[in-house]
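J.: PDB, C-alpha atoms, file protein19.pdb:
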ATOM      1  CA  MET A   1      53.894 269.217  41.222
ATOM      2  CA  TRP A   2      50.449 269.737  39.728
ATOM      3  CA  GLN A   3      50.369 270.109  35.944
ATOM      4  CA  GLU A   4      47.587 271.978  34.158
ATOM      5  CA  THR A   5      46.801 270.272  30.850
ATOM      6  CA  ASP A   6      43.646 269.657  28.825
ATOM      7  CA  ASN A   7      41.461 271.761  31.170
ATOM      8  CA  SER A   8      42.542 269.681  34.185
ATOM      9  CA  LEU A   9      44.973 269.736  37.051
ATOM     10  CA  ARG A  10      46.895 266.450  37.132
ATOM     11  CA  ARG A  11      49.275 264.848  39.568
ATOM     12  CA  THR A  12      50.449 261.377  40.532
ATOM     13  CA  TYR A  13      51.593 260.492  44.034
ATOM     14  CA  THR A  14      53.665 257.357  44.690
ATOM     15  CA  PHE A  15      53.828 255.579  48.042
ATOM     16  CA  ALA A  16      55.804 252.699  49.496
ATOM     17  CA  ASN A  17      52.914 250.248  49.129
ATOM     18  CA  PHE A  18      49.188 249.820  48.590
ATOM     19  CA  SER A  19      48.290 250.348  52.252
ATOM     20  CA  GLU A  20      49.949 253.774  52.321
ATOM     21  CA  ALA A  21      48.275 254.770  49.051
ATOM     22  CA  PHE A  22      44.879 253.650  50.304
ATOM     23  CA  ALA A  23      45.300 255.475  53.626
ATOM     24  CA  PHE A  24      46.142 258.649  51.685
ATOM     25  CA  MET A  25      43.050 258.203  49.518
ATOM     26  CA  THR A  26      40.909 257.817  52.635
ATOM     27  CA  ARG A  27      42.205 261.095  54.067
ATOM     28  CA  VAL A  28      41.643 262.849  50.728
ATOM     29  CA  ALA A  29      38.104 261.437  50.508
ATOM     30  CA  LEU A  30      37.171 262.961  53.870
ATOM     31  CA  VAL A  31      38.455 266.404  52.873
ATOM     32  CA  ALA A  32      36.881 266.238  49.404
ATOM     33  CA  GLU A  33      33.520 265.357  50.941
ATOM     34  CA  LYS A  34      33.719 268.352  53.296
ATOM     35  CA  MET A  35      34.582 270.581  50.340
ATOM     36  CA  ASP A  36      31.790 269.003  48.266
ATOM     37  CA  HIS A  37      34.269 268.727  45.415
ATOM     38  CA  HIS A  38      35.262 265.212  44.404
ATOM     39  CA  PRO A  39      38.315 264.239  42.367
ATOM     40  CA  THR A  40      38.625 261.892  39.471
ATOM     41  CA  TRP A  41      41.320 259.475  40.559
ATOM     42  CA  THR A  42      42.807 256.089  39.948
ATOM     43  CA  ASN A  43      44.834 253.825  42.175
ATOM     44  CA  THR A  44      47.233 251.179  40.945
ATOM     45  CA  TYR A  45      49.074 249.430  43.770
ATOM     46  CA  ASN A  46      51.169 252.250  45.270
ATOM     47  CA  ALA A  47      50.265 255.108  42.913
ATOM     48  CA  VAL A  48      47.327 257.507  43.109
ATOM     49  CA  GLU A  49      46.657 259.640  40.029
ATOM     50  CA  PHE A  50      44.387 262.686  40.210
ATOM     51  CA  THR A  51      42.592 264.637  37.513
ATOM     52  CA  LEU A  52      40.797 267.714  38.822
ATOM     53  CA  ASN A  53      38.307 269.897  36.977
ATOM     54  CA  THR A  54      34.841 271.231  37.693
ATOM     55  CA  HIS A  55      32.102 269.448  35.784
ATOM     56  CA  SER A  56      29.478 272.123  36.541
ATOM     57  CA  ALA A  57      31.791 274.747  34.982
ATOM     58  CA  GLY A  58      32.084 272.876  31.695
ATOM     59  CA  ASN A  59      34.971 270.631  32.769
ATOM     60  CA  LYS A  60      37.354 273.525  33.302
ATOM     61  CA  VAL A  61      39.816 274.237  36.089
ATOM     62  CA  THR A  62      38.263 276.518  38.712
ATOM     63  CA  GLN A  63      39.219 277.880  42.110
ATOM     64  CA  LYS A  64      37.558 274.820  43.676
ATOM     65  CA  ASP A  65      40.082 272.606  41.877
ATOM     66  CA  ARG A  66      43.014 274.729  43.002
ATOM     67  CA  GLU A  67      41.755 274.622  46.600
ATOM     68  CA  LEU A  68      41.342 270.843  46.479
ATOM     69  CA  ALA A  69      44.826 270.440  44.962
ATOM     70  CA  ALA A  70      46.273 272.541  47.802
ATOM     71  CA  ALA A  71      44.359 270.477  50.368
ATOM     72  CA  ILE A  72      45.674 267.234  48.829
ATOM     73  CA  ASP A  73      49.240 268.570  49.001
ATOM     74  CA  LYS A  74      48.673 269.510  52.648
ATOM     75  CA  ILE A  75      47.467 265.977  53.422
ATOM     76  CA  LEU A  76      50.603 264.541  51.841
ATOM     77  CA  ALA A  77      52.823 266.899  53.820
ATOM     78  CA  ALA A  78      51.174 265.727  57.057
ATOM     79  CA  THR A  79      51.879 262.043  56.363
TER      80      THR A  79
END
Go ahead and express the file in the form of structure tokens.
T.:
Amino acid sequence: MWQETDNSLRRTYTFANFSEAFAFMTRVALVAEKMDHHPTWTNTYNAVEFTLNTHSAGNKVTQKDRELAAAIDKILAAT
């Protein structure tokens, strides 16, 4: 579940291995590019950690962040 802390939406997804995590990141990258809203994320082996906020809105959570979070959840549900 996404957590809203420190003016950001945050969530970590864990996969079986690096290949699954990387495939997920690739799918997210394509959607984020279409939305023109790019996440801050890290990947360590099988975990992908997201931090979402809108830099142009003073690093605050906006509707764009909520829409991207929902899109990321939808990608996960489809895998």
J.: Restricting the calculation to only C-alpha atoms, which member of A:Asp65, A:Asp36, A:Glu20, A:Asp73 is positioned closest to A:Glu4?
T.: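 Among the listed residues, A:Asp65 lies closest to A:Glu4.
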J.: Can you tell me, as a PyMOL selection string, which residues sit within 12 Å of (48.0, 265.9, 41.3) in the file's frame, using only C-alpha atoms?
T.: chain A and resi 1-5+8-14+28+39-42+47-53+65-74+76
J.: Using atom CA of A:Gln63 and atom CA of A:Lys34 as the two end points, give the distance in Å to one decimal.
T.: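 Going from atom CA of A:Gln63 over to atom CA of A:Lys34, I get 15.7 Å.
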J.: Pick from A:Asn7, A:Ala77, A:Lys60, A:Phe22: nearest to A:Asn46, with all atoms listed in the file counted?
T.: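 Residue with the minimum atom-to-atom distance to A:Asn46: A:Phe22.
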J.: Would you mind telling me which residue in A:Ile75, A:Val61, A:Val31, A:Ala21 lies nearest to A:Asn43 when using all atoms listed in the file?
T.: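 Of the candidates, the smallest distance to A:Asn43 is held by A:Ala21.
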J.: Give, as lines of an AutoDock Vina configuration file, the centre coordinates and the x, y and z edge lengths in Å to one decimal for an axis-aligned box around all listed atoms of stretch 9-26 of chain A, padded by 6 Å on each side.
T.:
center_x = 48.4
center_y = 259.8
center_z = 45.3
size_x = 26.9
size_y = 31.9
size_z = 28.6
J.: Interatomic distance between atom CA of A:Ala16 and atom CA of A:Glu33?
T.: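 That distance, rounded to one decimal, is 25.7 Å.
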